[in-house]
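Undergrad: This is the content of upload.cif (mmCIF, C-alpha atoms):
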data_protein
loop_
_atom_site.group_PDB
_atom_site.id
_atom_site.type_symbol
_atom_site.label_atom_id
_atom_site.label_comp_id
_atom_site.auth_asym_id
_atom_site.auth_seq_id
_atom_site.Cartn_x
_atom_site.Cartn_y
_atom_site.Cartn_z
ATOM 1 C CA ILE K 4 98.687 113.425 119.359
ATOM 2 C CA THR K 5 95.061 114.582 119.139
ATOM 3 C CA MET K 6 96.092 117.451 116.912
ATOM 4 C CA ALA K 7 98.171 115.098 114.744
ATOM 5 C CA ALA K 8 95.101 112.885 114.309
ATOM 6 C CA ALA K 9 93.017 115.947 113.359
ATOM 7 C CA LEU K 10 95.549 116.812 110.664
ATOM 8 C CA ALA K 11 95.308 113.256 109.329
ATOM 9 C CA VAL K 12 91.499 113.372 109.173
ATOM 10 C CA ASN K 13 91.725 116.759 107.478
ATOM 11 C CA ASP K 14 94.067 115.303 104.843
ATOM 12 C CA LEU K 15 91.653 112.409 104.252
ATOM 13 C CA LEU K 16 88.705 114.760 103.794
ATOM 14 C CA ARG K 17 90.543 117.164 101.514
ATOM 15 C CA GLY K 18 91.707 114.194 99.468
ATOM 16 C CA ARG K 19 88.039 113.427 98.903
ATOM 17 C CA GLY K 20 87.281 116.990 97.825
ATOM 18 C CA ILE K 21 85.719 118.049 101.140
ATOM 19 C CA ALA K 22 86.781 121.515 102.294
ATOM 20 C CA SER K 23 87.688 121.070 105.939
ATOM 21 C CA ALA K 24 89.922 122.447 108.664
ATOM 22 C CA PRO K 25 91.093 121.249 112.059
ATOM 23 C CA LYS K 26 89.630 123.155 115.007
ATOM 24 C CA TRP K 27 91.633 123.431 118.223
ATOM 25 C CA PRO K 28 91.999 121.262 120.149
ATOM 26 C CA ASN K 29 90.242 118.123 118.929
ATOM 27 C CA ASP K 30 87.758 118.647 116.113
ATOM 28 C CA VAL K 31 87.652 118.815 112.343
ATOM 29 C CA MET K 32 85.129 121.129 110.738
ATOM 30 C CA ALA K 33 83.593 121.266 107.275
ATOM 31 C CA GLY K 34 82.578 124.889 107.048
ATOM 32 C CA GLU K 35 80.802 125.712 110.298
ATOM 33 C CA ARG K 36 79.743 122.096 110.912
ATOM 34 C CA LYS K 37 81.590 119.446 112.891
ATOM 35 C CA ILE K 38 82.494 116.366 110.899
ATOM 36 C CA CYS K 39 84.919 114.772 113.355
ATOM 37 C CA GLY K 40 85.776 114.767 117.043
ATOM 38 C CA ILE K 41 88.900 113.204 118.517
ATOM 39 C CA LEU K 42 89.586 112.153 122.102
ATOM 40 C CA SER K 43 92.896 110.896 123.418
ATOM 41 C CA GLU K 44 93.800 109.324 126.710
ATOM 42 C CA ARG K 45 97.170 108.467 128.167
ATOM 43 C CA ILE K 46 97.297 104.971 129.635
ATOM 44 C CA GLU K 47 99.802 102.774 131.352
ATOM 45 C CA ARG K 48 100.510 99.798 129.137
ATOM 46 C CA ASP K 49 99.896 97.316 131.946
ATOM 47 C CA ALA K 50 96.359 98.694 132.220
ATOM 48 C CA VAL K 51 95.427 97.245 128.813
ATOM 49 C CA PRO K 52 94.338 93.589 128.790
ATOM 50 C CA GLY K 53 96.537 91.499 126.540
ATOM 51 C CA VAL K 54 99.427 93.961 126.526
ATOM 52 C CA ALA K 55 102.532 92.993 128.457
ATOM 53 C CA ALA K 56 103.111 94.954 131.643
ATOM 54 C CA SER K 57 105.481 97.841 131.119
ATOM 55 C CA PRO K 58 106.222 101.064 132.941
ATOM 56 C CA ALA K 59 105.920 102.949 129.635
ATOM 57 C CA ALA K 60 102.747 104.838 128.924
ATOM 58 C CA GLY K 61 100.781 104.681 125.708
ATOM 59 C CA MET K 62 97.928 106.566 124.107
ATOM 60 C CA ILE K 63 94.481 105.583 123.007
ATOM 61 C CA VAL K 64 93.101 107.852 120.307
ATOM 62 C CA GLY K 65 89.422 107.706 119.434
ATOM 63 C CA ILE K 66 88.384 109.271 116.132
ATOM 64 C CA GLY K 67 84.674 109.902 115.675
ATOM 65 C CA LEU K 68 84.370 110.658 111.968
ATOM 66 C CA ASN K 69 80.844 111.105 110.629
ATOM 67 C CA VAL K 70 80.896 109.014 107.488
ATOM 68 C CA ASN K 71 77.389 108.112 106.307
ATOM 69 C CA MET K 72 75.236 110.192 108.650
ATOM 70 C CA THR K 73 72.257 111.626 106.775
ATOM 71 C CA GLY K 74 71.064 115.219 106.894
ATOM 72 C CA GLU K 75 68.066 114.119 108.952
ATOM 73 C CA GLU K 76 70.351 112.460 111.494
ATOM 74 C CA ALA K 77 72.610 115.535 111.595
ATOM 75 C CA ASP K 78 69.609 117.754 112.300
ATOM 76 C CA ARG K 79 68.912 115.787 115.500
ATOM 77 C CA ILE K 80 72.300 116.727 116.972
ATOM 78 C CA ASP K 81 72.376 119.750 119.289
ATOM 79 C CA ARG K 82 75.209 121.409 117.333
ATOM 80 C CA PRO K 83 75.761 121.849 113.602
ATOM 81 C CA ALA K 84 77.087 118.537 112.256
ATOM 82 C CA THR K 85 77.861 117.063 108.882
ATOM 83 C CA SER K 86 79.314 113.918 107.321
ATOM 84 C CA ILE K 87 81.214 112.682 104.307
ATOM 85 C CA LEU K 88 77.836 111.674 102.822
ATOM 86 C CA ILE K 89 76.330 115.134 103.314
ATOM 87 C CA GLU K 90 79.412 116.966 102.051
ATOM 88 C CA SER K 91 80.102 114.754 99.026
ATOM 89 C CA GLY K 92 76.613 113.533 98.175
ATOM 90 C CA GLU K 93 77.907 109.963 98.091
ATOM 91 C CA ALA K 94 77.908 107.177 100.673
ATOM 92 C CA ALA K 95 81.410 106.113 101.650
ATOM 93 C CA ASP K 96 82.621 102.583 102.269
ATOM 94 C CA ILE K 97 83.592 102.387 105.955
ATOM 95 C CA GLU K 98 86.475 99.928 105.463
ATOM 96 C CA ARG K 99 87.893 101.944 102.558
ATOM 97 C CA THR K 100 87.613 105.131 104.624
ATOM 98 C CA LEU K 101 89.559 103.507 107.450
ATOM 99 C CA GLN K 102 92.214 102.233 105.049
ATOM 100 C CA ASP K 103 92.500 105.689 103.456
ATOM 101 C CA LEU K 104 92.947 107.271 106.896
ATOM 102 C CA LEU K 105 95.818 105.010 107.970
ATOM 103 C CA GLN K 106 98.479 106.612 105.746
ATOM 104 C CA PRO K 107 97.910 110.218 106.887
ATOM 105 C CA LEU K 108 97.620 108.981 110.494
ATOM 106 C CA ASP K 109 100.983 107.260 110.161
ATOM 107 C CA HIS K 110 102.481 110.420 108.642
ATOM 108 C CA TRP K 111 101.206 112.959 111.194
ATOM 109 C CA ILE K 112 101.500 110.778 114.297
ATOM 110 C CA GLY K 113 104.987 109.759 113.159
ATOM 111 C CA LYS K 114 105.997 113.419 112.906
ATOM 112 C CA TRP K 115 104.485 114.090 116.334
ATOM 113 C CA ARG K 116 106.309 111.101 117.883
ATOM 114 C CA ARG K 117 109.639 112.285 116.470
ATOM 115 C CA GLY K 118 109.339 115.947 117.422
ATOM 116 C CA GLY K 119 106.236 116.650 119.485
ATOM 117 C CA PHE K 120 103.927 119.504 118.619
ATOM 118 C CA ALA K 121 106.836 121.511 117.193
ATOM 119 C CA ALA K 122 107.064 118.962 114.348
ATOM 120 C CA ILE K 123 103.406 119.474 113.337
ATOM 121 C CA ARG K 124 103.000 123.163 114.256
ATOM 122 C CA ASP K 125 103.434 124.465 110.691
ATOM 123 C CA GLY K 126 100.904 121.954 109.346
ATOM 124 C CA TRP K 127 98.455 122.943 112.065
ATOM 125 C CA LEU K 128 98.885 126.683 111.491
ATOM 126 C CA ASP K 129 98.549 126.222 107.727
ATOM 127 C CA ARG K 130 95.294 124.274 108.021
ATOM 128 C CA ALA K 131 93.619 125.582 111.202
ATOM 129 C CA GLY K 132 93.620 129.243 110.352
ATOM 130 C CA PRO K 133 95.768 132.296 110.603
ATOM 131 C CA VAL K 134 97.407 133.838 113.629
ATOM 132 C CA GLY K 135 95.689 137.116 114.467
ATOM 133 C CA ARG K 136 92.121 135.982 113.941
ATOM 134 C CA PRO K 137 89.608 136.779 116.690
ATOM 135 C CA LEU K 138 88.598 133.915 118.989
ATOM 136 C CA THR K 139 86.374 133.312 121.974
ATOM 137 C CA VAL K 140 87.213 130.399 124.262
ATOM 138 C CA HIS K 141 84.576 128.911 126.579
ATOM 139 C CA ASP K 142 85.821 126.707 129.410
ATOM 140 C CA GLY K 143 82.965 125.980 131.792
ATOM 141 C CA ASP K 144 81.723 129.334 133.069
ATOM 142 C CA GLU K 145 84.903 131.112 132.008
ATOM 143 C CA VAL K 146 84.896 132.992 128.687
ATOM 144 C CA LYS K 147 87.967 134.649 127.185
ATOM 145 C CA SER K 148 88.130 136.638 123.970
ATOM 146 C CA GLY K 149 91.100 137.889 122.029
ATOM 147 C CA LEU K 150 93.259 137.196 119.016
ATOM 148 C CA LEU K 151 94.975 133.922 118.204
ATOM 149 C CA SER K 152 98.623 134.527 119.055
ATOM 150 C CA GLY K 153 99.791 131.022 118.126
ATOM 151 C CA TYR K 154 100.347 127.715 119.879
ATOM 152 C CA GLY K 155 102.762 126.765 122.645
ATOM 153 C CA ASP K 156 105.291 123.958 122.723
ATOM 154 C CA HIS K 157 102.625 121.354 123.530
ATOM 155 C CA GLY K 158 99.822 122.652 121.300
ATOM 156 C CA GLU K 159 98.251 124.888 123.940
ATOM 157 C CA LEU K 160 96.405 127.849 122.461
ATOM 158 C CA LEU K 161 97.957 131.278 122.994
ATOM 159 C CA LEU K 162 95.294 133.968 123.159
ATOM 160 C CA GLU K 163 96.280 137.619 123.045
ATOM 161 C CA THR K 164 93.913 139.560 125.285
ATOM 162 C CA GLU K 165 93.916 143.116 126.556
ATOM 163 C CA ASN K 166 95.861 141.797 129.585
ATOM 164 C CA GLY K 167 98.582 140.043 127.576
ATOM 165 C CA VAL K 168 98.905 136.512 126.201
ATOM 166 C CA ASP K 169 96.902 133.830 128.023
ATOM 167 C CA THR K 170 97.818 130.162 127.741
ATOM 168 C CA ILE K 171 94.699 128.053 127.149
ATOM 169 C CA TRP K 172 94.923 124.295 127.719
ATOM 170 C CA SER K 173 91.279 123.357 127.137
ATOM 171 C CA GLY K 174 88.018 124.853 126.031
ATOM 172 C CA ASP K 175 85.598 125.278 123.172
ATOM 173 C CA VAL K 176 86.705 127.799 120.570
ATOM 174 C CA SER K 177 84.375 129.927 118.486
#
Show this structure as structure tokens.

TA:
Amino acid sequence: ITMAAALAVNDLLRGRGIASAPKWPNDVMAGERKICGILSERIERDAVPGVAASPAAGMIVGIGLNVNMTGEEADRIDRPATSILIESGEAADIERTLQDLLQPLDHWIGKWRRGGFAAIRDGWLDRAGPVGRPLTVHDGDEVKSGLLSGYGDHGELLLETENGVDTIWSGDVS
């Protein structure tokens, strides 16, 4: 679902003329600068106040999209960051941005709900970059380098290394 949300944000940004791409597993980049981070958490429905108790689980998806952050504010962040304002040169209305995001969210999350990662894999591959490109994955003290081999059934990154294909479930990709 995190990757579906990243595709939705990417569609929103591209619709506003901002060249962007999703970055595995939970970011959206504009060039080499992060414009959005997404975190998802699985919850039990009875754990949410005001929601009727149910054994079914749900998801909370948090989308941190930099909308009107200035260049000065971006410079204070410890990693390269950007915003819709920086990329477009124009301040964006927050409510309008949210409204504009709802349709692509509905589209991509709907596809994911109907078919899992397999239903959004082609969209992800098309937007996130080609198979065969070199990658380095940092996960704590562990560093793995190789070529992007693709993505598994659940969106896990497949990294072709000199020892074969490694399945990567989390990490920071560069």

Undergrad: To verify the selection step, state as a list of chain:residue names which residues the PyMOL selection byres ((chain K and resi 144-151) around 8) yields on this input.

TA: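 That expression, the PyMOL selection byres ((chain K and resi 144-151) around 8), corresponds here to K:Pro133, K:Val134, K:Gly135, K:Arg136, K:Pro137, K:Leu138, K:Thr139, K:Val140, K:His141, K:Asp142, K:Gly143, K:Ser152, K:Gly153, K:Leu160, K:Leu161, K:Leu162, K:Glu163, K:Thr164, K:Glu165.
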
Undergrad: Provide the CA of Ser177 (chain K) to CA of Ala7 (chain K) distance in Å, to one decimal place.

TA: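 One can read the CA of Ser177 (chain K) to CA of Ala7 (chain K) distance as 20.6 Å.
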
Undergrad: How many Å lie between CA of Asp14 (chain K) and CA of Tyr154 (chain K), rounded to one decimal?

TA: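 Taking CA of Asp14 (chain K) and CA of Tyr154 (chain K), their separation equals 20.5 Å.
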
Undergrad: Find, counting only C-alpha atoms, the residue in K:Ile46, K:Ala22, K:Ile123, K:Val64 that gets nearest to Leu10 (chain K).

TA: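 Of all the options, K:Ile123 lies closest to Leu10 (chain K).
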
Undergrad: Closest to Thr5 (chain K) among K:Gly34, K:Gly65, K:Gly74, K:Gly20, using only C-alpha atoms?

TA: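 Closest to Thr5 (chain K), using only C-alpha atoms: K:Gly65.
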
Undergrad: Would you compute the distance between CA of Arg130 (chain K) and CA of Val168 (chain K)? Give it in Å to one decimal.

TA: 22.2 Å

Undergrad: Check the smallest atom-to-atom distance from each of K:Ile89, K:Met6, K:Ala131, K:Cys39 to Ala77 (chain K) using only C-alpha atoms, then report the winner.

TA: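 That would be K:Ile89, the residue with the smallest distance to Ala77 (chain K).
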
Undergrad: For the file shown, what are the residues hit by the PyMOL selection byres ((chain K and resi 82) around 12), laid out as an mmCIF file with C-alpha atoms, in the frame of the given file?

TA:
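Listing of part-v1.cif after writing:
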data_model
loop_
_atom_site.group_PDB
_atom_site.id
_atom_site.type_symbol
_atom_site.label_atom_id
_atom_site.label_comp_id
_atom_site.auth_asym_id
_atom_site.auth_seq_id
_atom_site.Cartn_x
_atom_site.Cartn_y
_atom_site.Cartn_z
ATOM 1 C CA MET K 32 85.129 121.129 110.738
ATOM 2 C CA GLU K 35 80.802 125.712 110.298
ATOM 3 C CA ARG K 36 79.743 122.096 110.912
ATOM 4 C CA LYS K 37 81.590 119.446 112.891
ATOM 5 C CA ILE K 38 82.494 116.366 110.899
ATOM 6 C CA GLU K 76 70.351 112.460 111.494
ATOM 7 C CA ALA K 77 72.610 115.535 111.595
ATOM 8 C CA ASP K 78 69.609 117.754 112.300
ATOM 9 C CA ARG K 79 68.912 115.787 115.500
ATOM 10 C CA ILE K 80 72.300 116.727 116.972
ATOM 11 C CA ASP K 81 72.376 119.750 119.289
ATOM 12 C CA PRO K 83 75.761 121.849 113.602
ATOM 13 C CA ALA K 84 77.087 118.537 112.256
ATOM 14 C CA THR K 85 77.861 117.063 108.882
#
